[in-house]
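*Asks:* Pasting a structure below so you can have a look.
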Amino acid sequence: MSTRGEHQTVPLSVLLKRELASEKIKDPEIVHGLASHSKKGEDFTLLKTECQRALGDGFTTFSVFGLFDGHNGSAAAIYTKENLLNNVLSSIPADLNRDEWVAALPRALVAGFVKTDKDFQQRAKTSGTTVTFVILEGWVVTVASVGDSCCIFESAEGGIYHLSADHRLECNEEERHRITASGGEVGRLNAGGGAEIGPLRCWPGGLCLSRSIGDMDVGEFIVPVPYVKQVKLSTAGGRMIISSDGVWDALTAEEALDCCRGMPPDAAAAQIVKEAVKPKGLRDDTTCIVVDILPQEKPAALPPPKKPVKGMLKAMFRKKNSGSSSQDKDYMEPDVVEELFEEGSAWLSERLDTKYPLCNIFKLFMCAVCQLEMKPGEGISIHVGTSNPVKLRPWDGPFLCSSCNEKKEAMEGKRPSGNRHGSDSD
């Protein structure tokens with residue numbers, strides 16, 4: 001066995017095999033289905049399977065699936081559906097190759113979510129929305145989420161993976177601590193006489209979520225910074241389910257997958273919604289998107305997994321780094337689900353200060369969130385006010401404009417939420 005720090009030489013025969021295998025692997029076929037039962041009319045979806053972006057002399061395509069579960073009205077869900085994708089794409093530098101573009105997505109999603117929230121709040125509407133936002137580029141899936149709508153994936157090999165986070169205060173202790181540390185209060189509804197009922201909520205406002213887009217009346221410690229997970233799928237493909245809490249309040253991941261096994265995506269989505277509303281009837285908007293990610297040669301209906309994994313959710317992904325061996329087969333890239341990126345911090349100073357290798361994405365005179373062009377010296381480093389022990393230099397970005405810096409300070413509890421619109425003007 002080689003030690004960790006040793007340079008390891010890959011035989012030329014293996015490099016040639018990898019190149020040949022890479023040329024043979026085609027992008028997957030994407031087949032999707034949608035079903036929804038409406039109670040309040042506050043669930044909205046975005047389904048785009050042929051998005052194009054320039055790549056050299058040609059172009060490449062990617063797919064986008066979004067679920068927006070609104071509350072206190074539909075305004076935030078509609079606005080986010082119409083603007084989030086453009087805000088994310090505008091945060092990605094031009095002229096990146098395919099791998100660089102995929103690597104830039106996690107940071108761009110954070111910037112896009114925060115900009116969408118900031119722009120919507122300036123409209124002074126009190127509506128809010130959860131968001132589960134999926135971008136499929138080749139065999140790489142990137143998921144960004146705030147709220148309690150969830151995304152799961154079952155590989156053709158039978159592994160079940162959670163690709164989103166649950167930001168309900170009831171089940172997220174870390175988020176409860178963050179909110180109280182930022183000046184909010186967490187507790188149940190007081191029914192009088194000392195009795196408390198219902199789920200844990202954030203006060204003021206009474207929202208049971210710690211992250212969302214909108215909700216300007218609740219307090220800035222309810223943040224729009226998404227949990228992001230990026231994985232590379234095996235070329236055998238699998239099935240992805242994106243559903244609002246109306247589904248997950250009634251079904252486990254295994255139950256949702258089992259009830260529609262062997263069905264095409266449109267019938268599968270309808271079956272999942274039917275199973276979810278069966279026990280107690282339609283009590284909330286209930287929406288389900290089913291996406292089959294298939295090798296080009298496969299039929300549109302996903303067959304049962306080769307090795308069903310009953311009673312187990314795979315919380316751990318295979319990391320994209322493995323040991324070496326002298327045998328050629330051990331040098332080959334493993335065709336399994338691999339985790340490429342995962343981050344859930346609510347702090348912009350941590351989420352925008354990525355170690356991404358392209359230095360030119362940190363444009364000194366452009367806000368990292370809203371992409372506003374700034375004059376030299378106007379930008380405020382995201383490191384200001386943090387515990388970063390390194391002495392800051394004038395070029396240590398990324399930078400925020402004054403408006404986005406105020407947003408950052410408010411989300412971190414450094415400015416009272418009542419001053420939300422004190423200086424947010426364009």
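Labels used: A, B, ... for chains in the order of the structure tokens, numbers from 1 for residues in each chain, and numbers from 1 for ligands as shown.
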Write out, as a Markdown table, each residue of range 105-162 of chain A that has an atom at most 12 Å from range 31-44 of chain A, together with the closest pair of atoms and their distance in Å to one decimal, counting only C-alpha atoms, rows going by chain and rising number.
*Replies:*
```
| residue | atom | partner | partner_atom | distance |
| --- | --- | --- | --- | --- |
| A:Ser127 | CA | A:Glu42 | CA | 10.2 |
| A:Gly128 | CA | A:Glu42 | CA | 10.0 |
| A:Thr129 | CA | A:Glu42 | CA | 8.7 |
| A:Thr130 | CA | A:Asp43 | CA | 9.5 |
| A:Val131 | CA | A:Phe44 | CA | 9.8 |
| A:Thr132 | CA | A:Phe44 | CA | 11.0 |
| A:Phe133 | CA | A:Phe44 | CA | 11.9 |
| A:Ser149 | CA | A:Asp43 | CA | 10.6 |
```
*Asks:* Name the closest residue to Leu294 in chain A among the candidates A:Val223, A:Leu47, A:Ala156, A:Val384; distances are taken between atoms, counting only C-alpha atoms.
*Replies:*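 The closest residue to Leu294 in chain A is A:Ala156.
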*Asks:* What separation in Å, quoted to one decimal, exists between CA of Arg123 in chain A and CA of Cys288 in chain A?
*Replies:* 29.4 Å
*Asks:* Identify which of the residues A:Ala76, A:Ala267, A:Ala253, A:Met216 lies closest to Lys407 in chain A, counting only C-alpha atoms when measuring atom-to-atom distances.
*Replies:*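 With only C-alpha atoms as the atom set, the closest residue is A:Met216.
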*Asks:* With distances taken over only C-alpha atoms, which residue among A:Ile152, A:Glu220, A:Leu163, A:Gln230 lies nearest Gly184 in chain A?
*Replies:* A:Glu220
*Asks:* Rounded to one decimal in Å, what is the spacing between CA of Val110 in chain A and CA of Leu372 in chain A?
*Replies:* 16.0 Å
*Asks:* Using only C-alpha atoms, find the one residue out of A:Thr116, A:Thr252, A:Thr142, A:Gln121 that sits nearest to Leu233 in chain A.
*Replies:* A:Thr142
*Asks:* What does the distance between CA of Val218 in chain A and CA of Pro204 in chain A come to in Å, to one decimal place?
*Replies:*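 Spanning CA of Val218 in chain A to CA of Pro204 in chain A is a straight-line distance of 5.6 Å.
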